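Novice: My structure file entry30.pdb, PDB, C-alpha atoms, is below:
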MODEL        1
ATOM      1  CA  MET A   1       0.000   0.000   0.000
ATOM      2  CA  ASP A   2       1.217   3.499  -0.814
ATOM      3  CA  LEU A   3       1.353   6.328   1.699
ATOM      4  CA  LYS A   4      -1.686   8.445   2.602
ATOM      5  CA  LEU A   5      -1.227  11.624   4.611
ATOM      6  CA  GLY A   6      -3.685  13.959   6.283
ATOM      7  CA  HIS A   7      -3.598  16.507   9.065
ATOM      8  CA  TYR A   8      -5.935  18.514  11.250
ATOM      9  CA  ASN A   9      -5.763  20.786  14.250
ATOM     10  CA  LYS A  10      -7.183  19.688  17.580
ATOM     11  CA  ASP A  11      -6.931  21.865  20.690
ATOM     12  CA  GLY A  12      -4.051  23.818  19.170
ATOM     13  CA  ILE A  13      -2.062  20.704  18.340
ATOM     14  CA  GLU A  14      -1.507  19.591  14.763
ATOM     15  CA  VAL A  15      -2.311  15.905  14.308
ATOM     16  CA  VAL A  16      -0.784  14.150  11.289
ATOM     17  CA  ASP A  17      -2.540  10.969  10.182
ATOM     18  CA  VAL A  18      -0.277   8.532   8.354
ATOM     19  CA  GLU A  19      -1.553   5.446   6.560
ATOM     20  CA  GLY A  20       0.367   2.839   4.561
ATOM     21  CA  GLU A  21       4.089   2.242   4.161
ATOM     22  CA  ILE A  22       6.853   4.670   5.173
ATOM     23  CA  ASP A  23      10.016   3.625   3.395
ATOM     24  CA  VAL A  24      12.816   4.971   1.227
ATOM     25  CA  TYR A  25      10.299   5.617  -1.583
ATOM     26  CA  THR A  26       7.479   7.289   0.341
ATOM     27  CA  ALA A  27       9.281   8.931   3.277
ATOM     28  CA  PRO A  28      10.124  12.128   1.328
ATOM     29  CA  ARG A  29       6.397  12.972   1.191
ATOM     30  CA  LEU A  30       6.082  12.750   4.970
ATOM     31  CA  ARG A  31       9.250  14.817   5.345
ATOM     32  CA  GLU A  32       7.816  17.525   3.081
ATOM     33  CA  LEU A  33       4.587  17.626   5.086
ATOM     34  CA  LEU A  34       6.407  17.930   8.422
ATOM     35  CA  ILE A  35       8.655  20.688   7.053
ATOM     36  CA  ASP A  36       5.617  22.497   5.669
ATOM     37  CA  LEU A  37       3.794  22.305   9.013
ATOM     38  CA  VAL A  38       6.822  23.641  10.891
ATOM     39  CA  ASN A  39       7.260  26.423   8.332
ATOM     40  CA  LYS A  40       3.643  27.375   9.065
ATOM     41  CA  LYS A  41       4.561  27.674  12.756
ATOM     42  CA  ASN A  42       3.046  24.397  13.944
ATOM     43  CA  TYR A  43       5.492  23.346  16.639
ATOM     44  CA  GLN A  44       3.265  20.975  18.633
ATOM     45  CA  LEU A  45       2.836  17.874  16.501
ATOM     46  CA  VAL A  46       1.303  14.444  17.021
ATOM     47  CA  VAL A  47       1.961  11.837  14.324
ATOM     48  CA  ASN A  48      -0.734   9.169  14.378
ATOM     49  CA  MET A  49       0.844   5.940  13.131
ATOM     50  CA  GLU A  50      -1.992   3.558  13.969
ATOM     51  CA  LYS A  51      -2.582   2.818  10.265
ATOM     52  CA  VAL A  52       1.084   2.537   9.308
ATOM     53  CA  GLU A  53       1.759  -0.897   7.861
ATOM     54  CA  PHE A  54       5.509  -0.600   7.431
ATOM     55  CA  LEU A  55       8.232   1.682   8.798
ATOM     56  CA  ASP A  56      11.950   1.492   8.090
ATOM     57  CA  SER A  57      14.975   3.530   9.137
ATOM     58  CA  THR A  58      14.336   6.070   6.382
ATOM     59  CA  GLY A  59      10.966   6.771   7.984
ATOM     60  CA  LEU A  60      12.622   6.962  11.401
ATOM     61  CA  GLY A  61      15.008   9.533   9.965
ATOM     62  CA  VAL A  62      12.109  11.674   8.807
ATOM     63  CA  LEU A  63      10.496  11.534  12.250
ATOM     64  CA  VAL A  64      13.804  12.393  13.950
ATOM     65  CA  GLY A  65      14.252  15.271  11.507
ATOM     66  CA  GLY A  66      10.759  16.534  12.341
ATOM     67  CA  LEU A  67      11.486  16.238  16.052
ATOM     68  CA  LYS A  68      14.666  18.281  15.726
ATOM     69  CA  ARG A  69      12.853  20.966  13.767
ATOM     70  CA  VAL A  70      10.061  21.434  16.312
ATOM     71  CA  ARG A  71      12.483  21.267  19.246
ATOM     72  CA  ALA A  72      14.408  24.136  17.705
ATOM     73  CA  HIS A  73      11.222  26.162  18.365
ATOM     74  CA  ASP A  74      10.662  24.673  21.834
ATOM     75  CA  GLY A  75       8.021  22.387  20.375
ATOM     76  CA  SER A  76       7.544  18.637  20.501
ATOM     77  CA  LEU A  77       6.635  15.757  18.235
ATOM     78  CA  ASP A  78       4.863  12.813  19.821
ATOM     79  CA  LEU A  79       3.728   9.567  18.232
ATOM     80  CA  VAL A  80       0.602   7.461  18.490
ATOM     81  CA  CYS A  81       1.391   3.794  17.966
ATOM     82  CA  THR A  82       0.257   0.547  19.533
ATOM     83  CA  GLN A  83       1.386  -1.880  16.808
ATOM     84  CA  GLU A  84       4.095  -4.167  18.084
ATOM     85  CA  ARG A  85       5.744  -4.586  14.673
ATOM     86  CA  ILE A  86       6.170  -0.816  14.345
ATOM     87  CA  LEU A  87       7.194  -0.305  17.981
ATOM     88  CA  LYS A  88       9.895  -2.916  17.570
ATOM     89  CA  ILE A  89      11.994  -0.727  15.276
ATOM     90  CA  PHE A  90      11.804   2.129  17.797
ATOM     91  CA  ARG A  91      13.034  -0.228  20.514
ATOM     92  CA  ILE A  92      15.865  -1.661  18.401
ATOM     93  CA  THR A  93      17.195   1.815  17.661
ATOM     94  CA  GLY A  94      16.664   3.162  21.174
ATOM     95  CA  LEU A  95      14.264   5.809  19.893
ATOM     96  CA  THR A  96      11.620   4.944  22.483
ATOM     97  CA  LYS A  97      13.736   7.171  24.752
ATOM     98  CA  VAL A  98      13.497  10.077  22.335
ATOM     99  CA  PHE A  99       9.845  10.143  21.281
ATOM    100  CA  GLY A 100       6.785  10.314  23.444
ATOM    101  CA  ILE A 101       4.760   7.300  22.256
ATOM    102  CA  HIS A 102       1.067   7.133  23.193
ATOM    103  CA  ASP A 103      -1.828   4.728  22.766
ATOM    104  CA  SER A 104      -4.253   7.233  21.223
ATOM    105  CA  VAL A 105      -4.425  10.739  19.807
ATOM    106  CA  ASP A 106      -6.463  11.891  22.801
ATOM    107  CA  LEU A 107      -3.845  10.568  25.228
ATOM    108  CA  ALA A 108      -1.055  12.212  23.216
ATOM    109  CA  ILE A 109      -2.848  15.561  23.301
ATOM    110  CA  ALA A 110      -3.572  15.217  27.010
ATOM    111  CA  ALA A 111       0.105  14.469  27.680
ATOM    112  CA  LYS A 112       1.195  17.523  25.692
ATOM    113  CA  LYS A 113      -1.211  19.751  27.617
ATOM    114  CA  ALA A 114       0.030  18.336  30.928
ATOM    115  CA  GLU A 115       3.601  19.273  29.943
ATOM    116  CA  LYS A 116       2.687  22.931  29.505
TER
ATOM    117  CA  MET B   1      22.429 -21.945  -6.213
ATOM    118  CA  ALA B   2      19.910 -19.300  -5.146
ATOM    119  CA  THR B   3      16.286 -20.424  -4.951
ATOM    120  CA  VAL B   4      15.184 -17.017  -6.156
ATOM    121  CA  GLU B   5      17.315 -14.142  -7.376
ATOM    122  CA  VAL B   6      16.126 -10.569  -7.932
ATOM    123  CA  THR B   7      18.147  -7.895  -9.682
ATOM    124  CA  PHE B   8      16.943  -4.311  -9.750
ATOM    125  CA  THR B   9      18.120  -0.863 -10.738
ATOM    126  CA  PRO B  10      18.768   1.363  -7.691
ATOM    127  CA  LEU B  11      15.423   3.116  -7.517
ATOM    128  CA  PRO B  12      13.629   3.530  -4.157
ATOM    129  CA  ALA B  13      10.386   2.253  -5.691
ATOM    130  CA  HIS B  14      11.971  -1.153  -6.343
ATOM    131  CA  VAL B  15      12.834  -1.700  -2.682
ATOM    132  CA  ARG B  16       9.202  -2.488  -1.985
ATOM    133  CA  THR B  17       9.238  -5.116  -4.733
ATOM    134  CA  ALA B  18      12.309  -6.730  -3.187
ATOM    135  CA  ARG B  19      10.599  -6.752   0.212
ATOM    136  CA  LEU B  20       7.499  -8.393  -1.179
ATOM    137  CA  VAL B  21       9.487 -11.069  -3.007
ATOM    138  CA  ALA B  22      11.593 -11.804   0.075
ATOM    139  CA  THR B  23       8.505 -12.144   2.256
ATOM    140  CA  ALA B  24       6.787 -14.439  -0.243
ATOM    141  CA  VAL B  25       9.842 -16.686  -0.622
ATOM    142  CA  ALA B  26      10.404 -16.761   3.145
ATOM    143  CA  ARG B  27       6.816 -17.893   3.673
ATOM    144  CA  ARG B  28       7.150 -20.604   1.038
ATOM    145  CA  SER B  29      10.487 -21.665   2.530
ATOM    146  CA  GLY B  30       8.949 -22.392   5.905
ATOM    147  CA  VAL B  31      10.011 -19.346   7.896
ATOM    148  CA  ASP B  32       7.607 -18.970  10.799
ATOM    149  CA  GLU B  33       4.767 -16.497  10.181
ATOM    150  CA  SER B  34       5.788 -14.533  13.270
ATOM    151  CA  LEU B  35       9.178 -13.804  11.672
ATOM    152  CA  LEU B  36       7.956 -12.629   8.279
ATOM    153  CA  ASP B  37       7.691  -8.994   9.381
ATOM    154  CA  GLU B  38      11.307  -9.177  10.498
ATOM    155  CA  VAL B  39      12.388 -10.620   7.144
ATOM    156  CA  ARG B  40      10.466  -7.894   5.343
ATOM    157  CA  LEU B  41      11.998  -5.093   7.397
ATOM    158  CA  ALA B  42      15.556  -6.456   7.368
ATOM    159  CA  VAL B  43      15.562  -7.033   3.605
ATOM    160  CA  GLY B  44      14.058  -3.579   3.070
ATOM    161  CA  GLU B  45      16.795  -2.015   5.203
ATOM    162  CA  ALA B  46      19.552  -3.828   3.312
ATOM    163  CA  CYS B  47      18.065  -2.866  -0.049
ATOM    164  CA  SER B  48      17.507   0.769   1.000
ATOM    165  CA  ARG B  49      21.114   0.989   2.107
ATOM    166  CA  ALA B  50      22.267  -0.477  -1.216
ATOM    167  CA  VAL B  51      20.053   1.930  -3.199
ATOM    168  CA  GLU B  52      21.478   4.946  -1.354
ATOM    169  CA  ALA B  53      25.039   3.707  -1.920
ATOM    170  CA  HIS B  54      24.420   3.078  -5.641
ATOM    171  CA  ARG B  55      22.771   6.461  -6.136
ATOM    172  CA  LYS B  56      25.910   8.085  -4.746
ATOM    173  CA  HIS B  57      28.503   5.946  -6.495
ATOM    174  CA  CYS B  58      27.101   3.854  -9.352
ATOM    175  CA  PRO B  59      23.493   4.708 -10.294
ATOM    176  CA  ARG B  60      23.496   2.500 -13.382
ATOM    177  CA  ALA B  61      24.678  -0.660 -11.663
ATOM    178  CA  PRO B  62      22.062  -3.177 -10.478
ATOM    179  CA  ILE B  63      21.580  -4.469  -6.942
ATOM    180  CA  ARG B  64      21.288  -8.204  -6.454
ATOM    181  CA  VAL B  65      19.153 -10.031  -3.913
ATOM    182  CA  ALA B  66      19.653 -13.791  -3.608
ATOM    183  CA  LEU B  67      17.253 -15.859  -1.528
ATOM    184  CA  THR B  68      18.130 -19.460  -0.697
ATOM    185  CA  ASP B  69      16.513 -22.161   1.378
ATOM    186  CA  ASP B  70      18.662 -25.165   0.558
ATOM    187  CA  THR B  71      19.879 -25.580   4.136
ATOM    188  CA  GLU B  72      17.992 -25.577   7.429
ATOM    189  CA  ARG B  73      18.061 -21.791   7.237
ATOM    190  CA  PHE B  74      16.466 -19.243   4.933
ATOM    191  CA  GLU B  75      19.177 -16.854   3.794
ATOM    192  CA  VAL B  76      18.966 -13.521   1.986
ATOM    193  CA  VAL B  77      22.085 -11.923   0.535
ATOM    194  CA  VAL B  78      21.863  -8.336  -0.722
ATOM    195  CA  THR B  79      24.894  -7.384  -2.801
ATOM    196  CA  ASP B  80      25.755  -3.905  -3.993
ATOM    197  CA  ALA B  81      28.560  -2.662  -6.220
ATOM    198  CA  ALA B  82      29.322   0.579  -4.373
ATOM    199  CA  PRO B  83      32.677   1.294  -2.708
ATOM    200  CA  THR B  84      32.751   0.097   0.896
ATOM    201  CA  GLU B  85      32.045   2.649   3.629
ATOM    202  CA  ALA B  86      33.071   0.573   6.663
ATOM    203  CA  PRO B  87      29.586  -0.614   7.558
ATOM    204  CA  ALA B  88      30.335  -3.377  10.026
ATOM    205  CA  GLU B  89      31.339  -1.269  13.008
ATOM    206  CA  ALA B  90      27.817  -0.108  13.781
ATOM    207  CA  MET B  91      26.157  -3.482  14.067
ATOM    208  CA  SER B  92      25.059  -3.028  17.668
ATOM    209  CA  ALA B  93      24.874   0.721  17.847
ATOM    210  CA  GLU B  94      22.926   2.401  20.617
ATOM    211  CA  LEU B  95      21.616   5.252  18.568
ATOM    212  CA  ALA B  96      19.359   7.292  20.757
ATOM    213  CA  PRO B  97      21.890   9.588  22.489
ATOM    214  CA  SER B  98      22.879  11.360  19.298
ATOM    215  CA  PHE B  99      19.268  12.427  18.720
ATOM    216  CA  LYS B 100      18.746  14.026  22.098
ATOM    217  CA  THR B 101      20.351  17.348  21.312
ATOM    218  CA  PRO B 102      18.032  19.571  19.311
ATOM    219  CA  ALA B 103      19.471  21.066  16.167
ATOM    220  CA  ALA B 104      18.850  24.735  15.560
ATOM    221  CA  ASP B 105      18.900  24.143  11.858
ATOM    222  CA  GLY B 106      19.674  21.528   9.256
ATOM    223  CA  ALA B 107      17.784  18.607  10.740
ATOM    224  CA  PRO B 108      18.778  15.405   8.950
ATOM    225  CA  HIS B 109      16.944  14.126   5.903
ATOM    226  CA  GLN B 110      17.852  10.616   6.872
ATOM    227  CA  LEU B 111      19.638   8.708   9.578
ATOM    228  CA  PRO B 112      23.184   7.486   8.988
ATOM    229  CA  PRO B 113      23.392   4.215   7.029
ATOM    230  CA  GLU B 114      24.698   2.520  10.181
ATOM    231  CA  VAL B 115      21.177   2.739  11.602
ATOM    232  CA  GLY B 116      19.909   0.397   8.900
ATOM    233  CA  LEU B 117      22.620  -2.105   9.766
ATOM    234  CA  ALA B 118      21.828  -1.847  13.456
ATOM    235  CA  VAL B 119      18.176  -2.554  12.664
ATOM    236  CA  ILE B 120      19.127  -5.554  10.534
ATOM    237  CA  SER B 121      21.304  -6.941  13.309
ATOM    238  CA  GLY B 122      18.365  -6.637  15.680
ATOM    239  CA  LEU B 123      16.037  -8.515  13.345
ATOM    240  CA  ALA B 124      17.921 -11.382  11.708
ATOM    241  CA  ASP B 125      19.114 -14.489  13.544
ATOM    242  CA  ASP B 126      22.497 -14.183  11.912
ATOM    243  CA  VAL B 127      24.037 -11.280   9.977
ATOM    244  CA  ARG B 128      27.312 -11.115   8.069
ATOM    245  CA  VAL B 129      28.700  -8.109   6.246
ATOM    246  CA  MET B 130      31.295  -8.976   3.633
ATOM    247  CA  ALA B 131      33.275  -7.284   0.900
ATOM    248  CA  ALA B 132      32.120  -8.725  -2.411
ATOM    249  CA  GLU B 133      32.567  -7.995  -6.111
ATOM    250  CA  GLY B 134      33.794  -4.454  -5.555
ATOM    251  CA  GLY B 135      30.968  -3.687  -3.155
ATOM    252  CA  THR B 136      29.350  -5.107  -0.047
ATOM    253  CA  SER B 137      27.203  -8.138   0.642
ATOM    254  CA  ILE B 138      24.874  -8.303   3.611
ATOM    255  CA  ALA B 139      23.833 -11.864   4.404
ATOM    256  CA  MET B 140      20.904 -12.407   6.768
ATOM    257  CA  SER B 141      19.347 -15.678   7.775
ATOM    258  CA  TRP B 142      16.421 -17.064   9.722
ATOM    259  CA  LYS B 143      15.564 -20.549  10.880
ATOM    260  CA  ARG B 144      13.151 -22.599   8.771
ATOM    261  CA  ARG B 145      10.559 -25.000  10.087
ATOM    262  CA  THR B 146      11.872 -28.535   9.706
ATOM    263  CA  GLY B 147      10.305 -30.466   6.848
ATOM    264  CA  SER B 148       9.423 -27.362   4.845
ATOM    265  CA  ALA B 149       9.840 -27.601   1.086
TER
ENDMDL
END
Give the structure from this file in structure tokens form.
Specialist:
Amino acid sequence: MDLKLGHYNKDGIEVVDVEGEIDVYTAPRLRELLIDLVNKKNYQLVVNMEKVEFLDSTGLGVLVGGLKRVRAHDGSLDLVCTQERILKIFRITGLTKVFGIHDSVDLAIAAKKAEK
Amino acid sequence: MATVEVTFTPLPAHVRTARLVATAVARRSGVDESLLDEVRLAVGEACSRAVEAHRKHCPRAPIRVALTDDTERFEVVVTDAAPTEAPAEAMSAELAPSFKTPAADGAPHQLPPEVGLAVISGLADDVRVMAAEGGTSIAMSWKRRTGSA
């Protein structure tokens, strides 16, 4: 399956819905979207990965790049993911220590608000 | 002799094809269903790494993926023709610390290629990185169910 992207604002936080496969072929589209959102001054991001079927290190690189961009503006980028096969790659690379990973969009938003 | 061999030009779009073929052959070879996601991801990582290396050094040269199941293991060997960039040293890298410091500008477009190798080493039962034919071969293997064709 190819990559489908969407985004919406909820309670002042930009939620990015990602569906399909994030790999060396499709990751540039996600990167462009994250850069575009940051350029439009969205520094509080939640990437919903519940419908992601495949994620490789290229996709991880895009997420890390997005995280660095929002952090440069004192923002944050959290993830929503409960799929074990996707979480595994975050654990292997140690990135579970870097990203906030939540079970739902609502929980991710609540966690961001609690940080403020 | 390889059970199945795939050769492709170094385009990102073809990595998905290689993943799909590897997963299909692994399933037919008797690799446990619970490991197929790991085969898919590891082969994708090896092919992505090869594609990036070829795009830098030899964009016209093909990448070869050989899949064999003639032993008790299912083995995938991804061979590129790009000059070696000392890949083996990062096989067990702990990668998180380098991402903790925010960058004011110039956030990376992609992680270093060593990340892909670290992922592969975390997924395959056995991984070997070898110099081969002017490039690099990454051999990964998984156990097959006994009695599988």
Novice: Here is a test: counting all atoms listed in the file, which residue of B:Leu123, B:Leu111, B:Val129, B:Val21 is nearest to chain A?
Specialist: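 Using all atoms listed in the file, chain A sits closest to B:Leu111.
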Novice: Could you check which of A:Lys10, A:Lys112, A:Arg71, A:Lys97 is closest to Tyr43 in chain A, using only C-alpha atoms?
Specialist: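 Of all the options, A:Arg71 lies closest to Tyr43 in chain A.
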Novice: Wanna dump the chain A-chain B contacts at 6 Å for me, each residue with its shortest atom pair and the distance in Å to one decimal, counting all atoms listed in the file, ordered by chain and number, as JSON lines?
Specialist:
{"residue": "A:Val24", "atom": "CA", "partner": "B:Pro12", "partner_atom": "CA", "distance": 5.6}
{"residue": "A:Tyr25", "atom": "CA", "partner": "B:Pro12", "partner_atom": "CA", "distance": 4.7}
{"residue": "A:Ser57", "atom": "CA", "partner": "B:Gly116", "partner_atom": "CA", "distance": 5.8}
{"residue": "A:Thr58", "atom": "CA", "partner": "B:Gln110", "partner_atom": "CA", "distance": 5.8}
{"residue": "A:Gly61", "atom": "CA", "partner": "B:Gln110", "partner_atom": "CA", "distance": 4.3}
{"residue": "A:Gly65", "atom": "CA", "partner": "B:Ala107", "partner_atom": "CA", "distance": 4.9}
{"residue": "A:Lys68", "atom": "CA", "partner": "B:Pro102", "partner_atom": "CA", "distance": 5.1}
{"residue": "A:Arg71", "atom": "CA", "partner": "B:Pro102", "partner_atom": "CA", "distance": 5.8}
{"residue": "A:Ala72", "atom": "CA", "partner": "B:Ala104", "partner_atom": "CA", "distance": 5.0}
{"residue": "A:Thr93", "atom": "CA", "partner": "B:Leu95", "partner_atom": "CA", "distance": 5.7}
{"residue": "A:Gly94", "atom": "CA", "partner": "B:Ala96", "partner_atom": "CA", "distance": 4.9}
{"residue": "A:Leu95", "atom": "CA", "partner": "B:Ala96", "partner_atom": "CA", "distance": 5.4}
Novice: Can you work out the spacing between CA of Leu67 in chain B and CA of Ala22 in chain B in Å, to one decimal?
Specialist: 7.1 Å
Novice: Using all atoms listed in the file, which protein or nucleic acid residues come within 10 Å of Gly134 in chain B? Drop anything in the same chain fewer than 3 positions from it, and give the result as a VMD selection string.
Specialist: chain B and resid 79 to 84 131 137
Novice: Quick one: apply the PyMOL selection byres ((chain A and resi 30) around 10) to the file and drop the selected residues here as an mmCIF file with C-alpha atoms, keeping the file's coordinate frame.
Specialist:
data_model
loop_
_atom_site.group_PDB
_atom_site.id
_atom_site.type_symbol
_atom_site.label_atom_id
_atom_site.label_comp_id
_atom_site.auth_asym_id
_atom_site.auth_seq_id
_atom_site.Cartn_x
_atom_site.Cartn_y
_atom_site.Cartn_z
ATOM 1 C CA LEU A 3 1.353 6.328 1.699
ATOM 2 C CA LYS A 4 -1.686 8.445 2.602
ATOM 3 C CA LEU A 5 -1.227 11.624 4.611
ATOM 4 C CA GLY A 6 -3.685 13.959 6.283
ATOM 5 C CA VAL A 16 -0.784 14.150 11.289
ATOM 6 C CA VAL A 18 -0.277 8.532 8.354
ATOM 7 C CA ILE A 22 6.853 4.670 5.173
ATOM 8 C CA THR A 26 7.479 7.289 0.341
ATOM 9 C CA ALA A 27 9.281 8.931 3.277
ATOM 10 C CA PRO A 28 10.124 12.128 1.328
ATOM 11 C CA ARG A 29 6.397 12.972 1.191
ATOM 12 C CA ARG A 31 9.250 14.817 5.345
ATOM 13 C CA GLU A 32 7.816 17.525 3.081
ATOM 14 C CA LEU A 33 4.587 17.626 5.086
ATOM 15 C CA LEU A 34 6.407 17.930 8.422
ATOM 16 C CA ILE A 35 8.655 20.688 7.053
ATOM 17 C CA ASP A 36 5.617 22.497 5.669
ATOM 18 C CA GLY A 59 10.966 6.771 7.984
ATOM 19 C CA VAL A 62 12.109 11.674 8.807
ATOM 20 C CA LEU A 63 10.496 11.534 12.250
ATOM 21 C CA GLY A 66 10.759 16.534 12.341
#
Novice: Expand the PyMOL selection byres ((chain A and resi 109) around 10) into the individual residues it matches in the shown file, reporting them as a list in words.
Specialist: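 This file gives the following for the PyMOL selection byres ((chain A and resi 109) around 10): Lys10, Asp11, Gly12, Ile13, Glu14, Val15, Gln44, Leu45, Val46, Asp78, His102, Ser104, Val105, Asp106, Leu107, Ala108, Ala110, Ala111, Lys112, Lys113, Ala114 and Glu115 of chain A.
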Novice: When the PyMOL selection byres ((chain B and resi 145) around 12) is applied to the structure above, which residues does it catch, written out as a PyMOL selection string?
Specialist: chain B and resi 26-35+69+71-74+142-144+146-149
Novice: Which of these residues is nearest to Glu53 in chain A, using all atoms listed in the file: A:Val70, A:Val38, A:Ile92, A:Ile86?
Specialist: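 Of A:Val70, A:Val38, A:Ile92, A:Ile86, the one nearest Glu53 in chain A is A:Ile86, counting all atoms listed in the file.
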Novice: Could you list, as a ChimeraX atom specification, every residue within 8 Å of Gly100 in chain A, counting all atoms listed in the file and ignoring same-chain residues fewer than 4 positions away?
Specialist: /A:77-79,96
Novice: Between CA of Leu67 in chain A and CA of Met49 in chain A, what is the distance in Å, rounded to a tenth?
Specialist: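 Distance reported for this atom pair: 15.1 Å.
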Novice: Please put the answer as JSON: centre and edge lengths, in Å with one decimal, of a box along x, y and z that encloses all listed atoms of range 64-74 of chain A plus 3 Å on each side.
Specialist:
{"center_x": 12.4, "center_y": 19.3, "center_z": 16.7, "size_x": 10.6, "size_y": 19.8, "size_z": 16.3}
Novice: Mind checking which residues fall within 8 Å of range 83-85 of chain A, counting only C-alpha atoms, ignoring those fewer than 3 positions away in the same chain, and posting them as number ranges by chain?
Specialist: A: 50, 88-89; B: 37
